[in-house]
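Asks: My file is start.cif. It has mmCIF, C-alpha atoms and all ligand atoms:
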```
data_structure
loop_
_atom_site.group_PDB
_atom_site.id
_atom_site.type_symbol
_atom_site.label_atom_id
_atom_site.label_comp_id
_atom_site.auth_asym_id
_atom_site.auth_seq_id
_atom_site.Cartn_x
_atom_site.Cartn_y
_atom_site.Cartn_z
ATOM 1 C CA MET G 1 109.291 186.113 -218.318
ATOM 2 C CA ASP G 2 110.705 183.646 -220.843
ATOM 3 C CA LEU G 3 107.891 181.866 -222.619
ATOM 4 C CA PRO G 4 108.495 178.220 -223.483
ATOM 5 C CA SER G 5 108.932 177.485 -227.180
ATOM 6 C CA ARG G 6 107.180 174.128 -226.907
ATOM 7 C CA HIS G 7 103.445 174.594 -226.515
ATOM 8 C CA PHE G 8 101.839 171.280 -225.589
ATOM 9 C CA GLY G 9 101.856 171.254 -221.843
ATOM 10 C CA PRO G 10 103.717 169.034 -219.448
ATOM 11 C CA ARG G 11 100.577 167.306 -218.128
ATOM 12 C CA PRO G 12 98.645 164.433 -219.698
ATOM 13 C CA LEU G 13 95.044 165.100 -220.734
ATOM 14 C CA ASP G 14 92.141 163.973 -218.514
ATOM 15 C CA PRO G 15 90.105 161.946 -221.016
ATOM 16 C CA ILE G 16 86.374 161.459 -220.457
ATOM 17 C CA PRO G 17 85.901 157.750 -219.549
ATOM 18 C CA VAL G 18 84.150 155.730 -222.243
ATOM 19 C CA GLU G 19 82.640 152.206 -222.010
ATOM 20 C CA ASP G 20 81.782 150.237 -225.166
ATOM 21 C CA GLY G 21 82.286 153.416 -227.189
ATOM 22 C CA TYR G 22 79.903 155.591 -225.136
ATOM 23 C CA VAL G 23 80.208 157.855 -222.091
ATOM 24 C CA ALA G 24 78.750 156.120 -219.026
ATOM 25 C CA GLY G 25 75.838 157.415 -216.941
ATOM 26 C CA TYR G 26 73.279 158.535 -219.544
ATOM 27 C CA GLN G 27 69.824 156.902 -219.643
ATOM 28 C CA ARG G 28 67.944 158.859 -222.319
ATOM 29 C CA ILE G 29 70.703 159.611 -224.834
ATOM 30 C CA ARG G 30 73.935 158.020 -226.010
ATOM 31 C CA VAL G 31 77.098 160.131 -225.975
ATOM 32 C CA ARG G 32 79.954 159.063 -228.257
ATOM 33 C CA MET G 33 83.199 161.002 -227.823
ATOM 34 C CA LEU G 34 84.906 162.248 -230.994
ATOM 35 C CA SER G 35 88.074 163.244 -229.151
ATOM 36 C CA PRO G 36 89.396 162.431 -225.637
ATOM 37 C CA THR G 37 88.351 165.591 -223.740
ATOM 38 C CA ILE G 38 86.049 167.532 -226.077
ATOM 39 C CA GLY G 39 83.217 166.803 -228.501
ATOM 40 C CA GLY G 40 80.458 164.249 -228.004
ATOM 41 C CA GLU G 41 77.966 163.106 -230.608
ATOM 42 C CA LEU G 42 74.514 162.719 -229.020
ATOM 43 C CA GLU G 43 72.200 160.000 -230.291
ATOM 44 C CA GLY G 44 68.568 159.223 -229.478
ATOM 45 C CA ILE G 45 67.000 162.672 -229.516
ATOM 46 C CA ASP G 46 64.691 164.632 -231.843
ATOM 47 C CA LEU G 47 65.381 168.343 -231.453
ATOM 48 C CA ARG G 48 62.104 169.307 -233.141
ATOM 49 C CA LYS G 49 60.274 168.205 -229.995
ATOM 50 C CA PRO G 50 60.318 170.050 -226.655
ATOM 51 C CA LEU G 51 62.706 168.533 -224.092
ATOM 52 C CA ASP G 52 61.161 167.022 -220.982
ATOM 53 C CA PRO G 53 63.031 167.780 -217.726
ATOM 54 C CA ASP G 54 65.049 164.509 -217.697
ATOM 55 C CA LEU G 55 66.096 164.852 -221.325
ATOM 56 C CA TYR G 56 66.978 168.511 -220.789
ATOM 57 C CA ALA G 57 69.113 167.552 -217.758
ATOM 58 C CA GLU G 58 71.024 164.944 -219.804
ATOM 59 C CA VAL G 59 71.691 167.339 -222.711
ATOM 60 C CA ARG G 60 72.892 170.019 -220.302
ATOM 61 C CA ARG G 61 75.135 167.499 -218.526
ATOM 62 C CA ALA G 62 76.560 166.325 -221.859
ATOM 63 C CA LEU G 63 77.228 169.932 -222.894
ATOM 64 C CA LEU G 64 79.124 170.629 -219.672
ATOM 65 C CA GLN G 65 81.033 167.358 -219.856
ATOM 66 C CA CYS G 66 81.883 167.352 -223.592
ATOM 67 C CA LYS G 67 81.985 171.178 -224.055
ATOM 68 C CA VAL G 68 80.553 170.797 -227.561
ATOM 69 C CA VAL G 69 77.865 168.308 -228.541
ATOM 70 C CA PHE G 70 76.842 167.284 -232.040
ATOM 71 C CA PHE G 71 73.583 165.980 -233.460
ATOM 72 C CA ARG G 72 72.972 164.449 -236.886
ATOM 73 C CA ASP G 73 69.812 164.433 -239.001
ATOM 74 C CA GLN G 74 67.953 167.238 -237.227
ATOM 75 C CA PRO G 75 65.857 169.049 -239.871
ATOM 76 C CA VAL G 76 64.854 171.827 -237.471
ATOM 77 C CA SER G 77 63.089 174.980 -238.634
ATOM 78 C CA PRO G 78 64.514 178.281 -237.310
ATOM 79 C CA GLU G 79 61.581 178.397 -234.853
ATOM 80 C CA GLU G 80 62.392 174.896 -233.587
ATOM 81 C CA GLN G 81 66.073 175.797 -233.246
ATOM 82 C CA VAL G 82 65.101 178.883 -231.216
ATOM 83 C CA ALA G 83 62.707 176.798 -229.077
ATOM 84 C CA PHE G 84 65.476 174.252 -228.353
ATOM 85 C CA ALA G 85 67.906 177.052 -227.431
ATOM 86 C CA ARG G 86 65.385 178.720 -225.088
ATOM 87 C CA HIS G 87 65.520 175.681 -222.780
ATOM 88 C CA PHE G 88 69.061 176.797 -221.853
ATOM 89 C CA GLY G 89 68.528 180.499 -221.257
ATOM 90 C CA GLU G 90 67.671 183.854 -222.762
ATOM 91 C CA LEU G 91 68.724 184.428 -226.351
ATOM 92 C CA GLU G 92 70.690 187.342 -227.641
ATOM 93 C CA VAL G 93 70.183 189.491 -230.723
ATOM 94 C CA HIS G 94 73.557 190.120 -232.344
ATOM 95 C CA PRO G 95 73.973 193.784 -233.248
ATOM 96 C CA PHE G 96 76.411 193.245 -236.158
ATOM 97 C CA LEU G 97 75.848 189.875 -237.849
ATOM 98 C CA PRO G 98 73.193 189.267 -240.539
ATOM 99 C CA GLU G 99 69.756 188.281 -239.277
ATOM 100 C CA GLY G 100 68.109 185.056 -240.422
ATOM 101 C CA GLU G 101 64.411 184.295 -240.194
ATOM 102 C CA SER G 102 63.973 185.990 -236.817
ATOM 103 C CA PRO G 103 66.046 188.475 -234.768
ATOM 104 C CA GLU G 104 67.603 185.718 -232.601
ATOM 105 C CA VAL G 105 68.831 183.772 -235.638
ATOM 106 C CA ILE G 106 72.099 184.745 -237.330
ATOM 107 C CA ARG G 107 72.458 183.501 -240.881
ATOM 108 C CA PHE G 108 75.985 182.845 -242.179
ATOM 109 C CA ALA G 109 75.421 182.526 -245.944
ATOM 110 C CA LYS G 110 78.559 182.037 -248.052
ATOM 111 C CA ASP G 111 78.990 181.427 -251.763
ATOM 112 C CA GLU G 112 81.181 182.543 -254.644
ATOM 113 C CA THR G 113 80.467 186.193 -253.814
ATOM 114 C CA THR G 114 80.877 185.962 -250.008
ATOM 115 C CA LYS G 115 83.880 184.232 -248.449
ATOM 116 C CA GLY G 116 83.819 182.800 -244.931
ATOM 117 C CA VAL G 117 85.584 185.044 -242.423
ATOM 118 C CA GLU G 118 84.912 183.010 -239.277
ATOM 119 C CA ASN G 119 88.312 181.298 -239.648
ATOM 120 C CA ASN G 120 89.746 182.761 -236.457
ATOM 121 C CA TRP G 121 89.825 181.202 -232.994
ATOM 122 C CA HIS G 122 87.282 182.923 -230.799
ATOM 123 C CA SER G 123 84.566 182.619 -228.182
ATOM 124 C CA ASP G 124 81.315 184.246 -229.311
ATOM 125 C CA VAL G 125 80.617 187.811 -228.158
ATOM 126 C CA SER G 126 83.390 187.852 -225.526
ATOM 127 C CA TRP G 127 83.335 191.639 -226.162
ATOM 128 C CA ARG G 128 80.044 191.872 -224.301
ATOM 129 C CA GLU G 129 79.983 192.666 -220.593
ATOM 130 C CA VAL G 130 77.796 189.572 -220.248
ATOM 131 C CA PRO G 131 79.049 187.175 -222.937
ATOM 132 C CA SER G 132 77.475 183.957 -224.123
ATOM 133 C CA LEU G 133 76.740 180.664 -222.401
ATOM 134 C CA GLY G 134 76.680 178.813 -225.677
ATOM 135 C CA SER G 135 75.764 178.809 -229.338
ATOM 136 C CA ILE G 136 73.714 176.402 -231.426
ATOM 137 C CA LEU G 137 74.601 176.102 -235.101
ATOM 138 C CA HIS G 138 72.408 174.338 -237.662
ATOM 139 C CA ALA G 139 73.852 173.326 -241.026
ATOM 140 C CA VAL G 140 71.280 174.361 -243.649
ATOM 141 C CA GLU G 141 73.414 173.805 -246.753
ATOM 142 C CA VAL G 142 76.958 172.463 -246.606
ATOM 143 C CA PRO G 143 79.659 172.279 -249.260
ATOM 144 C CA ARG G 144 80.355 168.964 -250.990
ATOM 145 C CA VAL G 145 83.773 168.998 -249.343
ATOM 146 C CA GLY G 146 85.336 171.271 -246.710
ATOM 147 C CA GLY G 147 83.743 173.782 -244.339
ATOM 148 C CA ASP G 148 84.466 171.836 -241.122
ATOM 149 C CA THR G 149 84.421 173.632 -237.776
ATOM 150 C CA LEU G 150 87.035 173.055 -235.057
ATOM 151 C CA TRP G 151 86.653 173.606 -231.307
ATOM 152 C CA ALA G 152 89.385 173.856 -228.673
ATOM 153 C CA ASP G 153 89.022 172.812 -225.035
ATOM 154 C CA MET G 154 90.219 175.887 -223.148
ATOM 155 C CA ALA G 155 90.102 174.125 -219.758
ATOM 156 C CA ALA G 156 92.592 171.545 -221.083
ATOM 157 C CA ALA G 157 94.612 174.447 -222.517
ATOM 158 C CA TRP G 158 94.726 176.071 -219.058
ATOM 159 C CA LYS G 159 95.687 172.787 -217.375
ATOM 160 C CA GLY G 160 98.473 172.240 -219.896
ATOM 161 C CA LEU G 161 100.207 175.571 -219.276
ATOM 162 C CA PRO G 162 103.573 175.491 -217.529
ATOM 163 C CA ASP G 163 103.324 176.434 -213.846
ATOM 164 C CA GLU G 164 105.302 179.668 -214.263
ATOM 165 C CA VAL G 165 102.844 180.863 -216.941
ATOM 166 C CA LYS G 166 99.879 179.913 -214.727
ATOM 167 C CA ARG G 167 101.348 181.881 -211.852
ATOM 168 C CA ARG G 168 101.965 184.856 -214.161
ATOM 169 C CA ILE G 169 98.427 185.051 -215.573
ATOM 170 C CA GLU G 170 96.184 184.078 -212.644
ATOM 171 C CA GLY G 171 94.477 187.237 -211.368
ATOM 172 C CA LEU G 172 95.106 189.224 -214.580
ATOM 173 C CA GLU G 173 92.308 190.860 -216.547
ATOM 174 C CA ALA G 174 92.070 191.536 -220.271
ATOM 175 C CA VAL G 175 90.038 193.919 -222.391
ATOM 176 C CA HIS G 176 87.726 192.516 -225.089
ATOM 177 C CA ASP G 177 86.453 194.756 -227.871
ATOM 178 C CA PHE G 178 84.540 194.364 -231.168
ATOM 179 C CA THR G 179 86.397 197.254 -232.842
ATOM 180 C CA HIS G 180 89.017 195.222 -234.705
ATOM 181 C CA THR G 181 86.495 192.788 -236.161
ATOM 182 C CA PHE G 182 82.994 194.136 -236.732
ATOM 183 C CA GLY G 183 84.224 197.711 -236.353
ATOM 184 C CA LEU G 184 86.495 197.471 -239.393
ATOM 185 C CA ALA G 185 83.595 197.774 -241.856
ATOM 186 C CA MET G 186 82.016 200.796 -240.115
ATOM 187 C CA SER G 187 82.260 204.496 -240.861
ATOM 188 C CA PRO G 188 83.962 206.536 -238.087
ATOM 189 C CA GLU G 189 80.544 207.936 -237.044
ATOM 190 C CA GLU G 190 78.903 204.519 -236.885
ATOM 191 C CA LEU G 191 81.895 203.057 -235.029
ATOM 192 C CA ALA G 192 81.794 205.835 -232.426
ATOM 193 C CA LYS G 193 78.061 205.237 -231.903
ATOM 194 C CA LYS G 194 78.480 201.486 -231.528
ATOM 195 C CA GLN G 195 81.485 201.887 -229.210
ATOM 196 C CA GLU G 196 79.308 203.991 -226.962
ATOM 197 C CA GLU G 197 76.590 201.356 -227.021
ATOM 198 C CA PHE G 198 79.017 198.431 -226.552
ATOM 199 C CA PRO G 199 82.047 199.731 -224.638
ATOM 200 C CA PRO G 200 85.079 197.438 -224.208
ATOM 201 C CA ALA G 201 84.546 194.729 -221.583
ATOM 202 C CA THR G 202 87.108 193.590 -219.011
ATOM 203 C CA HIS G 203 87.206 189.884 -218.150
ATOM 204 C CA PRO G 204 89.562 187.645 -216.163
ATOM 205 C CA VAL G 205 92.290 186.039 -218.305
ATOM 206 C CA VAL G 206 91.545 182.819 -216.431
ATOM 207 C CA ARG G 207 87.844 182.470 -215.686
ATOM 208 C CA ARG G 208 86.125 179.846 -213.564
ATOM 209 C CA HIS G 209 83.298 177.933 -215.168
ATOM 210 C CA PRO G 210 80.150 178.830 -213.190
ATOM 211 C CA GLU G 211 78.729 175.297 -213.436
ATOM 212 C CA THR G 212 81.724 172.921 -213.505
ATOM 213 C CA GLY G 213 84.172 174.992 -211.460
ATOM 214 C CA GLU G 214 86.931 174.357 -214.025
ATOM 215 C CA GLN G 215 89.494 177.072 -214.695
ATOM 216 C CA ILE G 216 89.539 178.221 -218.309
ATOM 217 C CA LEU G 217 91.892 180.278 -220.418
ATOM 218 C CA TYR G 218 89.602 183.089 -221.612
ATOM 219 C CA VAL G 219 91.431 185.251 -224.162
ATOM 220 C CA ASN G 220 90.955 184.999 -227.921
ATOM 221 C CA THR G 221 92.587 186.330 -231.064
ATOM 222 C CA ILE G 222 89.821 188.449 -232.516
ATOM 223 C CA PHE G 223 88.216 190.120 -229.519
ATOM 224 C CA THR G 224 90.907 190.431 -226.813
ATOM 225 C CA SER G 225 92.905 193.628 -227.272
ATOM 226 C CA HIS G 226 95.298 193.807 -224.291
ATOM 227 C CA ILE G 227 95.998 192.833 -220.704
ATOM 228 C CA VAL G 228 95.049 195.477 -218.171
ATOM 229 C CA GLY G 229 97.981 197.310 -216.564
ATOM 230 C CA MET G 230 100.704 195.674 -218.679
ATOM 231 C CA GLU G 231 103.121 197.329 -221.131
ATOM 232 C CA ARG G 232 101.790 196.902 -224.658
ATOM 233 C CA GLU G 233 104.784 194.898 -225.894
ATOM 234 C CA GLU G 234 104.675 192.493 -222.939
ATOM 235 C CA SER G 235 100.883 192.169 -223.250
ATOM 236 C CA ASP G 236 101.144 191.370 -226.984
ATOM 237 C CA ARG G 237 103.881 188.774 -226.379
ATOM 238 C CA LEU G 238 101.953 187.060 -223.592
ATOM 239 C CA LEU G 239 98.643 187.120 -225.482
ATOM 240 C CA THR G 240 100.269 185.706 -228.629
ATOM 241 C CA PHE G 241 101.519 182.780 -226.550
ATOM 242 C CA LEU G 242 98.134 182.291 -224.855
ATOM 243 C CA TYR G 243 96.167 182.511 -228.129
ATOM 244 C CA ALA G 244 98.418 179.800 -229.575
ATOM 245 C CA GLN G 245 97.155 177.301 -226.974
ATOM 246 C CA ALA G 246 93.894 176.958 -228.948
ATOM 247 C CA HIS G 247 95.946 175.883 -231.990
ATOM 248 C CA ILE G 248 97.214 172.719 -230.277
ATOM 249 C CA PRO G 249 95.584 169.688 -231.942
ATOM 250 C CA GLU G 250 95.527 167.645 -228.723
ATOM 251 C CA TYR G 251 92.982 170.117 -227.285
ATOM 252 C CA GLN G 252 90.743 170.101 -230.356
ATOM 253 C CA VAL G 253 87.853 168.324 -232.002
ATOM 254 C CA ARG G 254 86.980 168.786 -235.672
ATOM 255 C CA PHE G 255 83.464 168.258 -236.994
ATOM 256 C CA GLY G 256 82.546 167.488 -240.608
ATOM 257 C CA TRP G 257 79.073 168.874 -241.300
ATOM 258 C CA LYS G 258 76.235 167.292 -243.248
ATOM 259 C CA ASN G 259 72.974 169.056 -244.019
ATOM 260 C CA ASP G 260 70.875 169.150 -240.826
ATOM 261 C CA SER G 261 73.802 168.483 -238.503
ATOM 262 C CA LEU G 262 73.706 170.669 -235.423
ATOM 263 C CA ALA G 263 76.405 171.662 -232.933
ATOM 264 C CA PHE G 264 75.851 173.133 -229.476
ATOM 265 C CA TRP G 265 78.969 174.499 -227.799
ATOM 266 C CA ASP G 266 79.800 176.069 -224.470
ATOM 267 C CA ASN G 267 81.337 179.485 -225.209
ATOM 268 C CA ARG G 268 82.673 179.683 -221.647
ATOM 269 C CA SER G 269 84.980 176.675 -221.987
ATOM 270 C CA THR G 270 85.743 176.513 -225.714
ATOM 271 C CA GLN G 271 86.881 178.502 -228.707
ATOM 272 C CA HIS G 272 86.001 177.652 -232.295
ATOM 273 C CA TYR G 273 87.292 178.171 -235.820
ATOM 274 C CA ALA G 274 85.309 177.687 -239.057
ATOM 275 C CA SER G 275 87.618 176.410 -241.770
ATOM 276 C CA SER G 276 87.232 178.626 -244.843
ATOM 277 C CA ASP G 277 88.552 176.037 -247.306
ATOM 278 C CA TYR G 278 85.341 175.574 -249.339
ATOM 279 C CA TRP G 279 85.110 178.769 -251.402
ATOM 280 C CA PRO G 280 83.454 179.221 -253.939
ATOM 281 C CA GLN G 281 81.018 176.521 -252.811
ATOM 282 C CA GLU G 282 77.868 177.444 -250.923
ATOM 283 C CA ARG G 283 77.682 177.058 -247.123
ATOM 284 C CA VAL G 284 74.635 178.250 -245.166
ATOM 285 C CA MET G 285 74.469 178.000 -241.366
ATOM 286 C CA ASP G 286 71.992 179.366 -238.801
ATOM 287 C CA ARG G 287 73.268 180.267 -235.328
ATOM 288 C CA VAL G 288 71.344 181.026 -232.148
ATOM 289 C CA THR G 289 73.286 182.311 -229.127
ATOM 290 C CA ILE G 290 72.334 181.921 -225.461
ATOM 291 C CA ILE G 291 73.222 184.686 -223.022
ATOM 292 C CA GLY G 292 75.504 183.612 -220.175
ATOM 293 C CA GLU G 293 76.828 185.400 -217.129
ATOM 294 C CA ARG G 294 79.543 187.921 -216.318
ATOM 295 C CA PRO G 295 82.835 185.941 -216.260
ATOM 296 C CA ALA G 296 84.437 185.584 -212.818
ATOM 297 C CA ALA G 297 87.847 184.297 -211.798
HETATM 298 C C1 LIG W 301 80.770 180.955 -235.806
HETATM 299 O O1 LIG W 301 81.900 181.434 -235.700
HETATM 300 O O2 LIG W 301 79.929 181.060 -234.923
HETATM 301 C C2 LIG W 301 80.396 180.215 -237.079
HETATM 302 C C3 LIG W 301 80.994 178.864 -237.103
HETATM 303 C C4 LIG W 301 80.781 178.147 -238.411
HETATM 304 O O3 LIG W 301 80.247 178.742 -239.358
HETATM 305 O O4 LIG W 301 81.155 176.974 -238.495
#
```
Output the structure of this file as structure tokens.
Replies:
Amino acid sequence: MDLPSRHFGPRPLDPIPVEDGYVAGYQRIRVRMLSPTIGGELEGIDLRKPLDPDLYAEVRRALLQCKVVFFRDQPVSPEEQVAFARHFGELEVHPFLPEGESPEVIRFAKDETTKGVENNWHSDVSWREVPSLGSILHAVEVPRVGGDTLWADMAAAWKGLPDEVKRRIEGLEAVHDFTHTFGLAMSPEELAKKQEEFPPATHPVVRRHPETGEQILYVNTIFTSHIVGMEREESDRLLTFLYAQAHIPEYQVRFGWKNDSLAFWDNRSTQHYASSDYWPQERVMDRVTIIGERPAA
């Protein structure tokens, strides 16, 4: 199949309707969109306190609608971050990333000796058989300038694909594997052991969101290795084209962190990229990841 050279799809975006600067229909919080289809800043909430059922329902609705939600001025402790995350599901313990103050907290600590390597488009732990619902990232210490994170709306990316590409990829499955990321730093013995523990996972190339019903392009640069049953060259060519959809600015939102900002994203419908432009400045972030469900087409 010939792949189109022009990436941004033939269809207009479906922007989230906004009235007087805010998304309509919320009583307990205010939701201000930072981009037409993805990224809402939530106001009127203190994440150090437990969520009552109505507040929880509004945050969950905002997450599904905006795909990534942002909060400012939330000086949460790691325990409070974990407690907030637990409202949304069970938490995972990442087997490869550095632990923070408790096993469920990953600490990304960068400085002049440790460069950021999260500057690749991905969806967290898509290499797991049961990947993540979402991740919650708290900015502990941010650089004076730089260190933004970008998210891409992978439902908009799916919608924007030309019809012939949609027809080609619907029903396909792809293999996701940690080997070419976390595996690179391991000895052959350790890698073999971890591969046994975490074998490659097969997921639909186009998954359906279990809560919104949206179709989502679910392949990413760092964890997807190939499309099942396709010649390697054809699989590489198709995946390169599909990965590039996340690079399209019209599908993205970019967030500039301040200390105690917090982002909560849906790993089922988005991919993210942490800009590594701040070295050698310090950047310290704590992430908690919520377990999701097995992706289905
Ligand atoms: C991540 O990839 O989960 C980290 C994102 C960031 O540090 O901004």
Asks: Show me, as JSON lines, the residues of stretch 39-117 of chain G having an atom within 10 Å of stretch 192-209 of chain G, each with the closest atom pair and its distance in Å, using all atoms listed in the file.
Replies:
```
{"residue": "G:Leu64", "atom": "CA", "partner": "G:His209", "partner_atom": "CA", "distance": 9.5}
{"residue": "G:Pro95", "atom": "CA", "partner": "G:Lys194", "partner_atom": "CA", "distance": 9.1}
{"residue": "G:Phe96", "atom": "CA", "partner": "G:Lys194", "partner_atom": "CA", "distance": 9.7}
```
Asks: Report, as lines of an AutoDock Vina configuration file, the axis-aligned box around all atoms of ligand LIG 301 (chain W) present in the file, extended by 4 Å on each side; give centre and edge lengths in Å to one decimal place.
Replies:
```
center_x = 80.9
center_y = 179.2
center_z = -237.1
size_x = 10.0
size_y = 12.5
size_z = 12.4
```
Asks: Step by step, measure atom-to-atom distances between ligand LIG 301 (chain W) and each residue using only C-alpha atoms and all ligand atoms, keep those at most 10 Å, then write them as a PDB file with C-alpha atoms, in the frame of the given file.
Replies:
```
ATOM      1  CA  ILE G 106      72.099 184.745-237.330  1.00  0.00           C
ATOM      2  CA  ARG G 107      72.458 183.501-240.881  1.00  0.00           C
ATOM      3  CA  PHE G 108      75.985 182.845-242.179  1.00  0.00           C
ATOM      4  CA  ALA G 109      75.421 182.526-245.944  1.00  0.00           C
ATOM      5  CA  LYS G 110      78.559 182.037-248.052  1.00  0.00           C
ATOM      6  CA  GLY G 116      83.819 182.800-244.931  1.00  0.00           C
ATOM      7  CA  VAL G 117      85.584 185.044-242.423  1.00  0.00           C
ATOM      8  CA  GLU G 118      84.912 183.010-239.277  1.00  0.00           C
ATOM      9  CA  ASN G 119      88.312 181.298-239.648  1.00  0.00           C
ATOM     10  CA  ASN G 120      89.746 182.761-236.457  1.00  0.00           C
ATOM     11  CA  TRP G 121      89.825 181.202-232.994  1.00  0.00           C
ATOM     12  CA  HIS G 122      87.282 182.923-230.799  1.00  0.00           C
ATOM     13  CA  SER G 123      84.566 182.619-228.182  1.00  0.00           C
ATOM     14  CA  ASP G 124      81.315 184.246-229.311  1.00  0.00           C
ATOM     15  CA  VAL G 125      80.617 187.811-228.158  1.00  0.00           C
ATOM     16  CA  SER G 135      75.764 178.809-229.338  1.00  0.00           C
ATOM     17  CA  ILE G 136      73.714 176.402-231.426  1.00  0.00           C
ATOM     18  CA  LEU G 137      74.601 176.102-235.101  1.00  0.00           C
ATOM     19  CA  HIS G 138      72.408 174.338-237.662  1.00  0.00           C
ATOM     20  CA  ALA G 139      73.852 173.326-241.026  1.00  0.00           C
ATOM     21  CA  GLY G 147      83.743 173.782-244.339  1.00  0.00           C
ATOM     22  CA  ASP G 148      84.466 171.836-241.122  1.00  0.00           C
ATOM     23  CA  THR G 149      84.421 173.632-237.776  1.00  0.00           C
ATOM     24  CA  LEU G 150      87.035 173.055-235.057  1.00  0.00           C
ATOM     25  CA  TRP G 151      86.653 173.606-231.307  1.00  0.00           C
ATOM     26  CA  PHE G 255      83.464 168.258-236.994  1.00  0.00           C
ATOM     27  CA  GLY G 256      82.546 167.488-240.608  1.00  0.00           C
ATOM     28  CA  TRP G 257      79.073 168.874-241.300  1.00  0.00           C
ATOM     29  CA  ALA G 263      76.405 171.662-232.933  1.00  0.00           C
ATOM     30  CA  TRP G 265      78.969 174.499-227.799  1.00  0.00           C
ATOM     31  CA  ASN G 267      81.337 179.485-225.209  1.00  0.00           C
ATOM     32  CA  GLN G 271      86.881 178.502-228.707  1.00  0.00           C
ATOM     33  CA  HIS G 272      86.001 177.652-232.295  1.00  0.00           C
ATOM     34  CA  TYR G 273      87.292 178.171-235.820  1.00  0.00           C
ATOM     35  CA  ALA G 274      85.309 177.687-239.057  1.00  0.00           C
ATOM     36  CA  SER G 275      87.618 176.410-241.770  1.00  0.00           C
ATOM     37  CA  SER G 276      87.232 178.626-244.843  1.00  0.00           C
ATOM     38  CA  ARG G 283      77.682 177.058-247.123  1.00  0.00           C
ATOM     39  CA  VAL G 284      74.635 178.250-245.166  1.00  0.00           C
ATOM     40  CA  MET G 285      74.469 178.000-241.366  1.00  0.00           C
ATOM     41  CA  ASP G 286      71.992 179.366-238.801  1.00  0.00           C
ATOM     42  CA  ARG G 287      73.268 180.267-235.328  1.00  0.00           C
ATOM     43  CA  VAL G 288      71.344 181.026-232.148  1.00  0.00           C
ATOM     44  CA  THR G 289      73.286 182.311-229.127  1.00  0.00           C
TER      45      THR G 289
END
```
Asks: Give me the result of the PyMOL selection byres (((chain G and resi 88) around 10) and not hetatm) on this file, residue by residue, as a list in words.
Replies: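 Evaluating the PyMOL selection byres (((chain G and resi 88) around 10) and not hetatm) on this file yields Tyr56, Val59, Arg60, Ala83, Phe84, Ala85, Arg86, His87, Gly89, Glu90, Leu91, Leu133, Gly134, Ile290, Ile291 and Gly292 of chain G.
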Asks: Calculated over all atoms listed in the file, which of the candidates G:Trp158, G:Tyr243, G:Phe264, G:Tyr26 has the smallest distance to G:Phe70?
Replies: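 Smallest separation from G:Phe70 among the options: G:Phe264.
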Asks: From the set G:His226, G:Tyr251, G:Val76, G:Ile216, which residue has the shortest atom-to-atom contact distance to G:Lys166, counting all atoms listed in the file?
Replies: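 Between G:His226, G:Tyr251, G:Val76, G:Ile216, the residue approaching G:Lys166 most closely is G:Ile216.
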Asks: What is the distance between atom CA of G:Ala244 and atom CA of G:Thr221, in Å to one decimal?
Replies: 8.9 Å
Asks: Which protein, DNA or RNA residues have an atom at most 10 Å from (75.9, 160.7, -215.9), counting all atoms listed in the file? List them as a short mmCIF file (atom, residue, chain, number, x, y, z; two decimals) with C-alpha atoms, in the coordinates of the input.
Replies:
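Full text of result.cif as output:
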```cif
data_model
loop_
_atom_site.label_atom_id
_atom_site.label_comp_id
_atom_site.auth_asym_id
_atom_site.auth_seq_id
_atom_site.Cartn_x
_atom_site.Cartn_y
_atom_site.Cartn_z
CA VAL G 23 80.21 157.85 -222.09
CA ALA G 24 78.75 156.12 -219.03
CA GLY G 25 75.84 157.42 -216.94
CA TYR G 26 73.28 158.54 -219.54
CA GLN G 27 69.82 156.90 -219.64
CA ALA G 57 69.11 167.55 -217.76
CA GLU G 58 71.02 164.94 -219.80
CA ARG G 61 75.14 167.50 -218.53
CA ALA G 62 76.56 166.32 -221.86
CA GLN G 65 81.03 167.36 -219.86
#
```
Asks: Measuring between only C-alpha atoms, which one of G:Ile222, G:Val68, G:Ile248, G:Ile227 shows the shortest distance to G:Leu34?
Replies: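 So, comparing all the options, the nearest one is G:Val68.
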Asks: Tell me, as number ranges by chain, which residues lie within 9 Å of stretch 46-49 of chain G, counting only C-alpha atoms; anything in the same chain fewer than 3 positions away does not count.
Replies: G: 43, 71, 73-77, 80-81, 83-84
Asks: For each of G:Ser225, G:Ser35, G:Ser187, G:Gln215, take the minimum atom-to-atom distance to G:Glu173, counting all atoms listed in the file, then give the residue where this is smallest.
Replies: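 Smallest distance to G:Glu173 is found for G:Ser225.
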Asks: Calculate how many Å separate atom CA of G:Lys67 from atom CA of G:Pro12, rounding to one decimal.
Replies: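 Pair atom CA of G:Lys67 / atom CA of G:Pro12 returns 18.5 Å.
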Asks: Could you tell me how far atom CA of G:Ser261 sits from atom CA of G:Leu51, in Å to one decimal place?
Replies: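 Separating atom CA of G:Leu51 from atom CA of G:Ser261 is a distance of 18.2 Å.
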Asks: I'd like to know which of G:Ile16, G:Val93, G:Ile45, G:Val130 is closest to G:Arg32, using only C-alpha atoms.
Replies: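 Comparing G:Ile16, G:Val93, G:Ile45, G:Val130 against G:Arg32, the winner is G:Ile16.
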Asks: Can you check which parts of stretch 131-244 of chain G lie within 10 Å of stretch 36-42 of chain G? Per residue, the shortest pair of atoms and distance in Å to one decimal, counting all atoms listed in the file, sorted by chain and number, as a tab-separated table.
Replies:
```
residue	atom	partner	partner_atom	distance
G:Leu150	CA	G:Gly39	CA	9.8
G:Trp151	CA	G:Ile38	CA	8.0
G:Ala152	CA	G:Ile38	CA	7.6
G:Asp153	CA	G:Ile38	CA	6.1
G:Met154	CA	G:Ile38	CA	9.8
G:Ala155	CA	G:Thr37	CA	9.6
G:Ala156	CA	G:Thr37	CA	7.8
```
